[in-house]
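Trainee: One structure is given below, represented as structure tokens, and several questions about it will come after.
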Amino acid sequence: MRQGGRHGWLLGLAAVLLLAGAGSGKAAVQELALGEINPLTGALAKHGLEIHQGIALAVEEVNARGGLAGRRVKLLSRDDQSRPEIALNQAQDLITRERVVGLVGGYVDTLVGPISEMAAKHQVPYVASASLQAALTRKRHNPYFFRISNLEGILSPVCRLVGEVLRPQQVALIYMATPGSLEFAEGVEERLTRQGIRIPVKEKFRPGAPDFSMALLKVRMTGCEVLISGGFYPDNLLLTRQLREQRLQLQALLAPWGAAYPSFIAELGELSEGVLGTCAWTPGVTWPGTEKDSQAFITAFEARFQQSPTTTAMHGYASARVLLTALERALARSPAPTGEQVVKELRTLDLTLPLGRVRFDAHGDPLDYHHVVVQIQGGRLVPVYPPERAQARVMVPLPAGRK
Amino acid sequence: MSVGMHLVVSGFSLGSFYALVALGFALIFGVTHAFNLAHGELIILSGYLAYFLWRGLEVHPLATLPLTVALMPVFALALAQLLKLVREPFPMNSLVVTFGVALVVEQALLSAFSADYRLIQPAAPALMQVPALGLALTETQVTLLVLSLLATGIVHLWLTRTFSGKALRATIQNREAARLVGINLGRMRTSAFAVGGLLIGLAGPLYGQTLYLYPAGGLEATLIAVTLTIFAGVGRIPTLLLGGWLLGLAESWAALALGANWRELVSALLLVLLLILRPEGLKIRTEG
Amino acid sequence: MRLSPRAAAVFLLAGLAGWPLLGRWPVGETVLGLACFYGALAVAWNLYALTGAISLGHSAFFGLGAYGSALLGYHLGWSPALTVPVGAGVAVCYAGLWCLGFARLRGVYLGLATLAAVEIPRVIIDNWNSLTLGSQGLVGLPPLPRVPLGPLTLALGTDTRAQYFLLLALLAVSLLVHHAALTSRFGWAWRALRENETAAGLVGVPGWRHRSLALLLSAALTGVLGAIYAHILGILEPPLVFTLHLSALPLVFSIFGGRYHLLGPALGALLLYPVDQLLLRPWLPTGHAAVYGVMVILAILFFPRGVAAWLERRGAGGGEPGPKTASTGGGREAGAPADPDPPGAPGGPPCLEIRGVSKRFGRRLVLKEIQLTVQTGEVLAVLGPNGSGKTTLFNLISGVLKPTAGRILLFGTDITGWPAHRIVHRGLARTSQIPQPFPEMTVLENVAMGLMFGSPGVPRLEAALPRARELLELVGLTPQAHLPAGELPFADLQRLEVARALATGPRVLLLDEMAAGLGPQEVIQAARLIRLLKRQGLTLMLNDHLLTLTARVSDRLAALDQGELLAVGRPEEVLGHPAVRAAYLGEREENSDVSAAP
């Protein structure tokens, strides 16, 4: 076929790519391969890229001071395209072919879950950067899985703020059809109901829902004073805008995931004023005693990426720091530590980072993960709860619409 | 404002939004049978153009429309040029090619504008009251209602009243017959993409003003466009708005009466049942 | 060297089986295993697409298969070996609903319905907290079992290599099904349906049954894959399985690889997936999808019919299933399906009775209470100007349309409202005024379709070919036998229509506007053919708006005008009938054809 000759090059190209890849598989013996899996494209790319930056920075820091026990750390970053089976497949490939000594990264439980299963199967330690679902650690014991975040660290300040400071009679709850958000909603409902607060509106959305107006109408009709949103960053952008456009009168809007980002303020402008969010860390809000480390991180991050770090980036950084520290300690004991040895170090680790103190319980959950409630006041993120870390009082009510 | 009024206002403005997102796709698909999966990405691109113009010049969001409306046909025509290279079977192959284009555009958006979510947002959105009817509409809702009516009306008038529009409509209804009576199908394709581009240019800024922009957001817009175009009956511009309102009202009603978690079920059942009853979409059936 | 598609498939599977044993390739077992998985998924999707239906909702079957299996494992602790088939069963049940509900939907409208149909199980599962745990998802599903295999134990759940071979085996099974679907009698029926659905009905293919069969098979395979996917992941949530992504990828892979080729869909997955996953890493994080996109675009521009089609044309195998058999088959003698019953004398018992049949399109009444009886063995011509309702009448008789009122009896059986294929099996065939070929099949295969699916039907294509050749000889199309029917000129297509209709073994044959567009010489040939068929005992009904042909051959005429039957009887009676004269000759004196009539 005449056309055949013309088009053969396409298949040829594919073959060349295949073979070109063949050589790259062999890593230098001296290097330690560390695997990272994050959603770098797709719907979750924003947070995935932030985590990636934090991890990359942590690895570069280690290499800048000579690596771990004299060995350079090679970070192998993989994109799971916001899809779990790709996360699984990347994890398997990193473990079986690249022989990574540990895995780090991961955003949302759907992507973290399969990676953790794969890590357990191959006995490779995995420190997740952002994961909340209780079932991942409690349903089945997975000794190779650790995470630096958990739901309790968010749930506790949120419910205490509502119960102790805001003290509404009725709360409306919006949440998303994901495990983390669902568990959050159930936790909030259980705790607030115990305190005698009624929850007449409880609405489940699909992440990325285009319209909240009917749920907001229910909030208006029932006269709820506080709206708690378990939505994610973009959902909260939309919710806040629609709420403000419709001039809904509220004491407070509390959105743990979303409001605590400078970009949230940048995008919404003065509509974001007064919104409450939570975070474990953000520039200006750091674990007491880590101010210098925190500032060093911000400086390094800004120099490296020409942008300010977010709380998500810090989660990436912290998870990498934790794994690298455990690796270093294991390397001090054995030149080629097994996964089990690294896990042993992780279990006994006690590290203080800007994110907070990091220690793990027997399930791999953090013992000291605490969010701070921040409020957008004057276009800045100001910690308002708990009292020992507050820099200002909670501003109520939520300013309604135009000033 | 009563609950019923709220429902109607939300339903209609949501439906108008759907229709605006679908218009460009519907026109291009009706005329050329090109299943443009990059439609959503083009809308997002148009939204980003508006976003940065609005940020840079600090003008009213609607003031960005002339630029996006002028620019997007260029991109649409470039896509038309690419699709000219596609050989038979055209509908299937155009689907896969535009799938590839969607990936490329999404990556370009990610590289150019980062993965951040962007909103186009008037600083202090007004709330418009119509006391006589007991109505209160947000600025976004008014914009959506007015522009969807205007856009649908103008496209419909163009298709039914002008010579070039009538030729295009004939092409939608029967390509072979149109060719036989001497309509230049190549020119029809070009004008469909050009006008489709205009409509995408219109939809982009409104998309950024109603939802939010991010590089992977195109899929959502494409889905809306595909659903509504087919639901309305391919090539039917006025029923597009009708179908949009029907869906918008059904979804709003479901969210209010049953809870937000059931709304997708209600819209899916509505689509499936209406398609079972009317296998060619909402359009008025003509036989014989 | 020329490889048969089957041999190419065997080589491909053998290569895949050997691949991981040869060393540490960048495309390792994991990625290749998932490529096999997607290959199997693409094949499963394509089974339905072979009938011409493009589904955008296969993730519904995938998700139901996954949930059906996972729930049993999660709540009752059953092994996946038991639950995977249950999952497939659940998927098949849902597919059954599609078969019933979406029977009338075609093209993009079917696509939209399938797209929407994913949401129904998704939302229900997402909200049925007590059973499915809703959005919380199922964590800790039982892993795939350990399979004792002689001295070896395949730990499918933990051993990567064992898992790879499982996925490879799934691909092999799906290819086997695909092969059967492409080459069997079913495969030809599906191909007939996708190439021309009306024609498929007219050669006796039961469309709904075949489309449903294809869908159920496709859903079962997709359900199995979904169930296995759930056990591999170990967790399950609605958004993991009910996604557009899982519905769309098989479509992209199939089109990329070549939809009508044995290896096409699988090849699409095996080429695209590893490239996407591994080889584009240098462009991370924000480049690989673009490179992938450009590759997809280029591939479609250069291989518009898929990579497999291109490979096949290069003679490297991976190729097309059926068509070649048509040119090589010579095999054994077919039964004599077209042998009609012993001839009956003209004016014998009625074989076709039309009782008060009306047809309405919207507000327009196209046929008004037509009363007409066709006697066994006669040639009856329906005469009428354009738009008088002749073709509509034929469409009603042959089951292409359903009458608004009235009854139609064929050999004493009420066939009103029957689908076309059942009427064909009762012994009535027709040709169409606008020819309805299967455009991509050869002329010979077109005729063979009639033999395979008409009455009594021939099980295999090869067995139908000798008789098909005879019929082509009869209508004078032997030289064109191996051309694709889509390339024939109009007149030849009309002759093909006759040959194909005869192939279904009719006792009554309806010839729709057979003389349209024929030259004088061809009209004589057609008349000769009709007389020959009559002598063989066939009852014929023709229609024409000219008298050129009908006047030569018909025993009786029926005159139709504006949907009303004006007169029936011997040609000279009818032509002499005042109403007929007024309707035809009075108004159309300038028409030389009519005035030239005897």
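Just so we're on the same page: first chain in the structure tokens is A, next is B, and so on; residues restart at 1 for each chain, and ligands are numbered from 1 in the order they show up.
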Which chain C residues are at most 8 Å from chain B (counting only C-alpha atoms), as a ChimeraX atom specification?
Mentor: /C:101-102,104-106,108-109,112-113,116-117,119-120,123-124,127,252,255-256,286-287,289-297,300-301,304-305,361-362
Trainee: Selection from above, N, CA, C and O atoms, as a compact mmCIF listing (two decimals), in the first residue's frame, can you write it?
Mentor:
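Below is the file result17.txt, written as the result:
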# COMPACT_ATOMS: atom_id res chain seq x y z
N GLY C 101 -36.40 -0.76 27.02
CA GLY C 101 -36.71 0.67 27.00
C GLY C 101 -36.19 1.39 25.78
O GLY C 101 -36.85 2.29 25.26
N PHE C 102 -35.02 1.01 25.31
CA PHE C 102 -34.37 1.80 24.27
C PHE C 102 -34.55 1.19 22.88
O PHE C 102 -33.81 1.52 21.96
N ARG C 104 -36.52 1.61 20.47
CA ARG C 104 -36.79 2.47 19.32
C ARG C 104 -35.72 3.53 19.11
O ARG C 104 -35.78 4.30 18.16
N LEU C 105 -34.77 3.63 20.01
CA LEU C 105 -33.79 4.71 19.94
C LEU C 105 -32.61 4.34 19.04
O LEU C 105 -32.16 3.20 19.03
N ARG C 106 -32.15 5.32 18.29
CA ARG C 106 -31.02 5.10 17.38
C ARG C 106 -30.04 6.26 17.46
O ARG C 106 -30.40 7.36 17.86
N VAL C 108 -27.48 9.19 17.87
CA VAL C 108 -27.12 10.04 19.00
C VAL C 108 -28.18 10.00 20.09
O VAL C 108 -27.87 10.20 21.26
N TYR C 109 -29.43 9.73 19.72
CA TYR C 109 -30.48 9.69 20.74
C TYR C 109 -30.29 8.49 21.66
O TYR C 109 -30.48 8.57 22.86
N LEU C 112 -27.43 9.41 23.98
CA LEU C 112 -27.82 10.25 25.12
C LEU C 112 -28.56 9.44 26.17
O LEU C 112 -28.34 9.59 27.37
N ALA C 113 -29.46 8.56 25.71
CA ALA C 113 -30.22 7.74 26.66
C ALA C 113 -29.26 6.87 27.48
O ALA C 113 -29.41 6.75 28.69
N ALA C 116 -27.47 9.01 30.04
CA ALA C 116 -28.31 9.34 31.19
C ALA C 116 -28.56 8.10 32.04
O ALA C 116 -28.70 8.20 33.26
N ALA C 117 -28.60 6.95 31.40
CA ALA C 117 -28.94 5.72 32.13
C ALA C 117 -27.85 5.33 33.13
O ALA C 117 -28.09 4.48 33.98
N GLU C 119 -26.67 7.43 35.31
CA GLU C 119 -26.97 8.17 36.53
C GLU C 119 -27.95 7.41 37.43
O GLU C 119 -27.93 7.59 38.64
N ILE C 120 -28.80 6.61 36.82
CA ILE C 120 -29.86 5.97 37.62
C ILE C 120 -29.26 5.00 38.65
O ILE C 120 -29.47 5.19 39.85
N VAL C 123 -26.94 7.10 41.29
CA VAL C 123 -27.58 7.87 42.36
C VAL C 123 -28.21 6.93 43.38
O VAL C 123 -28.14 7.17 44.58
N ILE C 124 -28.81 5.85 42.89
CA ILE C 124 -29.44 4.92 43.84
C ILE C 124 -28.38 4.30 44.76
O ILE C 124 -28.54 4.29 45.99
N ASN C 127 -27.08 6.67 47.37
CA ASN C 127 -27.96 7.08 48.46
C ASN C 127 -28.52 5.92 49.29
O ASN C 127 -29.21 6.14 50.26
N VAL C 252 -12.88 5.34 22.39
CA VAL C 252 -11.67 5.90 21.77
C VAL C 252 -10.73 4.78 21.32
O VAL C 252 -10.23 4.78 20.20
N ILE C 255 -12.18 2.98 18.16
CA ILE C 255 -12.08 3.74 16.92
C ILE C 255 -10.62 3.85 16.51
O ILE C 255 -10.26 3.70 15.34
N PHE C 256 -9.76 4.08 17.47
CA PHE C 256 -8.33 4.18 17.19
C PHE C 256 -7.82 2.88 16.57
O PHE C 256 -7.08 2.88 15.60
N THR C 286 2.97 18.80 33.11
CA THR C 286 1.97 19.45 32.26
C THR C 286 2.32 19.33 30.79
O THR C 286 2.42 20.29 30.08
N GLY C 287 2.50 18.14 30.32
CA GLY C 287 2.77 18.00 28.91
C GLY C 287 2.30 16.69 28.35
O GLY C 287 1.99 16.58 27.18
N ALA C 289 -0.34 14.79 28.63
CA ALA C 289 -1.67 14.65 28.05
C ALA C 289 -1.73 15.32 26.68
O ALA C 289 -2.42 14.85 25.78
N ALA C 290 -1.00 16.42 26.53
CA ALA C 290 -1.00 17.11 25.24
C ALA C 290 -0.32 16.23 24.19
O ALA C 290 -0.81 16.11 23.06
N VAL C 291 0.79 15.61 24.56
CA VAL C 291 1.47 14.73 23.61
C VAL C 291 0.56 13.57 23.22
O VAL C 291 0.43 13.21 22.05
N TYR C 292 -0.12 13.04 24.22
CA TYR C 292 -1.08 11.97 23.99
C TYR C 292 -2.18 12.43 23.04
O TYR C 292 -2.53 11.75 22.08
N GLY C 293 -2.68 13.62 23.31
CA GLY C 293 -3.74 14.18 22.46
C GLY C 293 -3.28 14.31 21.01
O GLY C 293 -3.99 13.93 20.08
N VAL C 294 -2.08 14.83 20.82
CA VAL C 294 -1.55 15.00 19.46
C VAL C 294 -1.42 13.64 18.78
O VAL C 294 -1.76 13.48 17.60
N MET C 295 -0.97 12.66 19.55
CA MET C 295 -0.86 11.31 18.96
C MET C 295 -2.21 10.78 18.49
O MET C 295 -2.32 10.19 17.42
N VAL C 296 -3.22 10.99 19.33
CA VAL C 296 -4.56 10.50 18.96
C VAL C 296 -5.02 11.20 17.69
O VAL C 296 -5.53 10.57 16.76
N ILE C 297 -4.81 12.51 17.63
CA ILE C 297 -5.25 13.27 16.45
C ILE C 297 -4.55 12.74 15.20
O ILE C 297 -5.18 12.42 14.19
N ILE C 300 -5.75 9.33 13.99
CA ILE C 300 -7.04 9.30 13.30
C ILE C 300 -6.93 9.93 11.92
O ILE C 300 -7.55 9.48 10.95
N LEU C 301 -6.09 10.98 11.80
CA LEU C 301 -5.94 11.59 10.49
C LEU C 301 -5.27 10.62 9.51
O LEU C 301 -5.63 10.55 8.35
N PRO C 304 -7.72 6.55 9.29
CA PRO C 304 -9.12 6.88 9.60
C PRO C 304 -9.97 5.66 9.94
O PRO C 304 -10.98 5.79 10.60
N ARG C 305 -9.55 4.50 9.49
CA ARG C 305 -10.35 3.31 9.82
C ARG C 305 -9.68 2.45 10.88
O ARG C 305 -10.02 1.29 11.07
N PHE C 361 -50.16 10.07 8.38
CA PHE C 361 -48.92 10.71 8.87
C PHE C 361 -49.32 12.05 9.44
O PHE C 361 -49.67 12.95 8.69
N GLY C 362 -49.25 12.17 10.74
CA GLY C 362 -49.66 13.43 11.35
C GLY C 362 -51.11 13.70 10.99
O GLY C 362 -52.00 12.89 11.27
Trainee: Just the residues within 12 Å of Asp361 in chain A, please, counting only C-alpha atoms, with nothing from its chain fewer than 6 positions along; format it as a PyMOL selection string.
Mentor: chain A and resi 137-138+141+143+145-148+150+344+346-350+367-369
Trainee: May I have the residues from that selection written out with C-alpha atoms, as a PDB file, in the first residue's frame?
Mentor:
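See selection-v1.pdb below for the written result:
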ATOM      1  CA  THR A 137      -6.921   3.021  58.739  1.00  0.00           C
ATOM      2  CA  ARG A 138      -9.599   1.505  60.980  1.00  0.00           C
ATOM      3  CA  HIS A 141      -5.016  -2.832  59.802  1.00  0.00           C
ATOM      4  CA  PRO A 143       0.964  -1.396  59.001  1.00  0.00           C
ATOM      5  CA  PHE A 145       0.174   3.165  55.740  1.00  0.00           C
ATOM      6  CA  PHE A 146       0.611   6.481  57.545  1.00  0.00           C
ATOM      7  CA  ARG A 147      -1.007   9.822  57.037  1.00  0.00           C
ATOM      8  CA  ILE A 148      -0.264  13.201  58.471  1.00  0.00           C
ATOM      9  CA  ASN A 150      -7.101  12.941  59.838  1.00  0.00           C
ATOM     10  CA  LYS A 344       9.352   0.850  62.703  1.00  0.00           C
ATOM     11  CA  LEU A 346       7.815   5.901  61.451  1.00  0.00           C
ATOM     12  CA  ARG A 347       5.991   4.345  64.357  1.00  0.00           C
ATOM     13  CA  THR A 348       8.374   5.807  66.895  1.00  0.00           C
ATOM     14  CA  LEU A 349       8.852   9.117  65.128  1.00  0.00           C
ATOM     15  CA  ASP A 350       8.286  12.328  67.034  1.00  0.00           C
ATOM     16  CA  LEU A 367      -1.864  11.836  67.167  1.00  0.00           C
ATOM     17  CA  ASP A 368      -1.451  15.600  67.050  1.00  0.00           C
ATOM     18  CA  TYR A 369      -3.146  16.860  63.930  1.00  0.00           C
TER      19      TYR A 369
END
Trainee: Please identify all polymer residues within 9 Å of Gly153 in chain B, counting only C-alpha atoms, omitting same-chain residues fewer than 4 positions from it, and present them as a ChimeraX atom specification.
Mentor: /B:148-149,157-158,237-238
Trainee: Hey, can you spit out that residue selection with all heavy atoms as a PDB file, in the first residue's frame?
Mentor:
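The resulting out_23.pdb:
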ATOM      1  N   SER B 148     -29.615  34.479  27.048  1.00  0.00           N
ATOM      2  CA  SER B 148     -30.027  33.233  26.394  1.00  0.00           C
ATOM      3  C   SER B 148     -31.199  33.488  25.456  1.00  0.00           C
ATOM      4  O   SER B 148     -31.246  32.959  24.343  1.00  0.00           O
ATOM      5  CB  SER B 148     -30.400  32.187  27.443  1.00  0.00           C
ATOM      6  OG  SER B 148     -31.569  32.564  28.118  1.00  0.00           O
ATOM      7  N   LEU B 149     -32.131  34.333  25.890  1.00  0.00           N
ATOM      8  CA  LEU B 149     -33.254  34.661  25.014  1.00  0.00           C
ATOM      9  C   LEU B 149     -32.771  35.390  23.773  1.00  0.00           C
ATOM     10  O   LEU B 149     -33.161  35.066  22.645  1.00  0.00           O
ATOM     11  CB  LEU B 149     -34.267  35.530  25.774  1.00  0.00           C
ATOM     12  CG  LEU B 149     -35.260  34.765  26.627  1.00  0.00           C
ATOM     13  CD1 LEU B 149     -36.063  35.720  27.494  1.00  0.00           C
ATOM     14  CD2 LEU B 149     -36.195  33.946  25.743  1.00  0.00           C
ATOM     15  N   LEU B 157     -33.801  33.771  14.280  1.00  0.00           N
ATOM     16  CA  LEU B 157     -34.184  34.703  13.227  1.00  0.00           C
ATOM     17  C   LEU B 157     -33.241  34.587  12.038  1.00  0.00           C
ATOM     18  O   LEU B 157     -33.669  34.579  10.880  1.00  0.00           O
ATOM     19  CB  LEU B 157     -34.163  36.140  13.763  1.00  0.00           C
ATOM     20  CG  LEU B 157     -35.366  36.544  14.602  1.00  0.00           C
ATOM     21  CD1 LEU B 157     -35.231  37.989  15.045  1.00  0.00           C
ATOM     22  CD2 LEU B 157     -36.650  36.348  13.806  1.00  0.00           C
ATOM     23  N   TRP B 158     -31.967  34.468  12.347  1.00  0.00           N
ATOM     24  CA  TRP B 158     -30.982  34.341  11.280  1.00  0.00           C
ATOM     25  C   TRP B 158     -31.272  33.086  10.446  1.00  0.00           C
ATOM     26  O   TRP B 158     -31.235  33.120   9.215  1.00  0.00           O
ATOM     27  CB  TRP B 158     -29.581  34.283  11.896  1.00  0.00           C
ATOM     28  CG  TRP B 158     -28.505  34.031  10.897  1.00  0.00           C
ATOM     29  CD1 TRP B 158     -28.188  34.801   9.813  1.00  0.00           C
ATOM     30  CD2 TRP B 158     -27.586  32.940  10.891  1.00  0.00           C
ATOM     31  NE1 TRP B 158     -27.143  34.254   9.138  1.00  0.00           N
ATOM     32  CE2 TRP B 158     -26.755  33.111   9.776  1.00  0.00           C
ATOM     33  CE3 TRP B 158     -27.398  31.839  11.730  1.00  0.00           C
ATOM     34  CZ2 TRP B 158     -25.733  32.207   9.477  1.00  0.00           C
ATOM     35  CZ3 TRP B 158     -26.387  30.954  11.434  1.00  0.00           C
ATOM     36  CH2 TRP B 158     -25.570  31.139  10.318  1.00  0.00           C
ATOM     37  N   ILE B 237     -32.890  24.982  17.280  1.00  0.00           N
ATOM     38  CA  ILE B 237     -32.372  26.015  18.161  1.00  0.00           C
ATOM     39  C   ILE B 237     -33.406  26.459  19.202  1.00  0.00           C
ATOM     40  O   ILE B 237     -33.097  26.527  20.386  1.00  0.00           O
ATOM     41  CB  ILE B 237     -31.829  27.206  17.338  1.00  0.00           C
ATOM     42  CG1 ILE B 237     -30.680  26.729  16.440  1.00  0.00           C
ATOM     43  CG2 ILE B 237     -31.365  28.331  18.241  1.00  0.00           C
ATOM     44  CD1 ILE B 237     -29.516  26.108  17.158  1.00  0.00           C
ATOM     45  N   PRO B 238     -34.660  26.746  18.820  1.00  0.00           N
ATOM     46  CA  PRO B 238     -35.595  27.193  19.862  1.00  0.00           C
ATOM     47  C   PRO B 238     -35.876  26.123  20.912  1.00  0.00           C
ATOM     48  O   PRO B 238     -35.987  26.440  22.096  1.00  0.00           O
ATOM     49  CB  PRO B 238     -36.873  27.518  19.080  1.00  0.00           C
ATOM     50  CG  PRO B 238     -36.434  27.697  17.680  1.00  0.00           C
ATOM     51  CD  PRO B 238     -35.259  26.805  17.492  1.00  0.00           C
TER      52      PRO B 238
END
Trainee: From the options B:Met72, B:Ala178, B:Ala216, B:Leu77, which residue's atoms come nearest to chain A, counting only C-alpha atoms?
Mentor: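 Using only C-alpha atoms, chain A sits closest to B:Ala216.
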Trainee: Neighbours of Ile200 in chain B within 6 Å (only C-alpha atoms; same-chain residues fewer than 2 positions away dropped), as a PyMOL selection string?
Mentor: chain B and resi 24+43+197-198+202-203
Trainee: Please provide as a count of residues only all residues within 10 Å of Trp78 in chain C, with the sequence filter that same-chain residues fewer than 6 positions apart are discarded (counting only C-alpha atoms).
Mentor: 5
Trainee: Do you have, as JSON lines, the list of residues of chain B lying at most 8 Å from chain A, each with its nearest atom pair and that distance in Å to one decimal, counting only C-alpha atoms and ordered by chain then number?
Mentor:
{"residue": "B:Val3", "atom": "CA", "partner": "A:Leu217", "partner_atom": "CA", "distance": 7.8}
{"residue": "B:His6", "atom": "CA", "partner": "A:Leu217", "partner_atom": "CA", "distance": 7.7}
{"residue": "B:Leu7", "atom": "CA", "partner": "A:Met214", "partner_atom": "CA", "distance": 7.4}
{"residue": "B:Ser10", "atom": "CA", "partner": "A:Ser213", "partner_atom": "CA", "distance": 6.9}
{"residue": "B:Leu14", "atom": "CA", "partner": "A:Asp211", "partner_atom": "CA", "distance": 7.8}
{"residue": "B:Ser114", "atom": "CA", "partner": "A:Lys46", "partner_atom": "CA", "distance": 7.8}
{"residue": "B:Ala115", "atom": "CA", "partner": "A:Lys46", "partner_atom": "CA", "distance": 4.6}
{"residue": "B:Asp116", "atom": "CA", "partner": "A:Lys46", "partner_atom": "CA", "distance": 5.6}
{"residue": "B:Tyr117", "atom": "CA", "partner": "A:Pro234", "partner_atom": "CA", "distance": 6.7}
{"residue": "B:Arg118", "atom": "CA", "partner": "A:Glu267", "partner_atom": "CA", "distance": 6.2}
{"residue": "B:Leu119", "atom": "CA", "partner": "A:Glu267", "partner_atom": "CA", "distance": 5.8}
{"residue": "B:Ile120", "atom": "CA", "partner": "A:Glu267", "partner_atom": "CA", "distance": 7.8}
{"residue": "B:Gln121", "atom": "CA", "partner": "A:Leu268", "partner_atom": "CA", "distance": 6.9}
{"residue": "B:Ala123", "atom": "CA", "partner": "A:Gly269", "partner_atom": "CA", "distance": 7.0}
{"residue": "B:Ala124", "atom": "CA", "partner": "A:Arg402", "partner_atom": "CA", "distance": 5.6}
{"residue": "B:Pro125", "atom": "CA", "partner": "A:Glu245", "partner_atom": "CA", "distance": 6.0}
{"residue": "B:Ala126", "atom": "CA", "partner": "A:Glu245", "partner_atom": "CA", "distance": 7.3}
{"residue": "B:Leu127", "atom": "CA", "partner": "A:Glu245", "partner_atom": "CA", "distance": 7.0}
{"residue": "B:Thr138", "atom": "CA", "partner": "A:Glu245", "partner_atom": "CA", "distance": 6.0}
{"residue": "B:Glu139", "atom": "CA", "partner": "A:Glu245", "partner_atom": "CA", "distance": 7.8}
{"residue": "B:Leu211", "atom": "CA", "partner": "A:Pro210", "partner_atom": "CA", "distance": 6.3}
{"residue": "B:Tyr212", "atom": "CA", "partner": "A:Leu238", "partner_atom": "CA", "distance": 7.3}
{"residue": "B:Pro215", "atom": "CA", "partner": "A:Gly42", "partner_atom": "CA", "distance": 7.9}
{"residue": "B:Ala216", "atom": "CA", "partner": "A:Gly42", "partner_atom": "CA", "distance": 5.4}
{"residue": "B:Gly217", "atom": "CA", "partner": "A:Ala43", "partner_atom": "CA", "distance": 7.2}
{"residue": "B:Ser252", "atom": "CA", "partner": "A:Met214", "partner_atom": "CA", "distance": 6.5}
{"residue": "B:Ala255", "atom": "CA", "partner": "A:Met214", "partner_atom": "CA", "distance": 6.1}
{"residue": "B:Leu256", "atom": "CA", "partner": "A:Met214", "partner_atom": "CA", "distance": 5.4}
{"residue": "B:Gly259", "atom": "CA", "partner": "A:Glu203", "partner_atom": "CA", "distance": 6.3}
{"residue": "B:Ala260", "atom": "CA", "partner": "A:Phe205", "partner_atom": "CA", "distance": 5.8}
{"residue": "B:Asn261", "atom": "CA", "partner": "A:Lys204", "partner_atom": "CA", "distance": 5.1}
Trainee: As JSON, numbers by chain, which residues of range 213-442 of chain C does DSSP assign to alpha helix (DSSP H)?
Mentor: {"C": [213, 214, 215, 216, 217, 218, 219, 220, 221, 222, 223, 224, 225, 226, 227, 228, 229, 230, 231, 232, 233, 238, 239, 240, 241, 244, 245, 246, 247, 248, 249, 250, 251, 252, 253, 254, 255, 256, 257, 264, 265, 266, 267, 268, 269, 270, 271, 272, 273, 274, 288, 289, 290, 291, 292, 293, 294, 295, 296, 297, 298, 299, 300, 301, 302, 307, 308, 309, 310, 311, 312, 313, 324, 325, 326, 327, 328, 390, 391, 392, 393, 394, 395, 396, 397, 420, 421, 422, 423, 424, 425]}
Trainee: Could you write out, as number ranges by chain, all the residues of range 86-285 of chain B that DSSP marks as strand (DSSP E or B)?
Mentor: B: 118, 127-130, 135-138, 213
Trainee: So that I can see what lies close to Ala87 in chain A, please list as a count of residues only the residues with an atom at most 7 Å from it, counting only C-alpha atoms and leaving out residues fewer than 6 positions away in the same chain.
Mentor: 4
Trainee: Do a neighbour search on Met188 in chain B at 8 Å with only C-alpha atoms, toss out local chain neighbours closer than 5 positions, and write the hits as a ChimeraX atom specification.
Mentor: /B:31,167-168,171,183
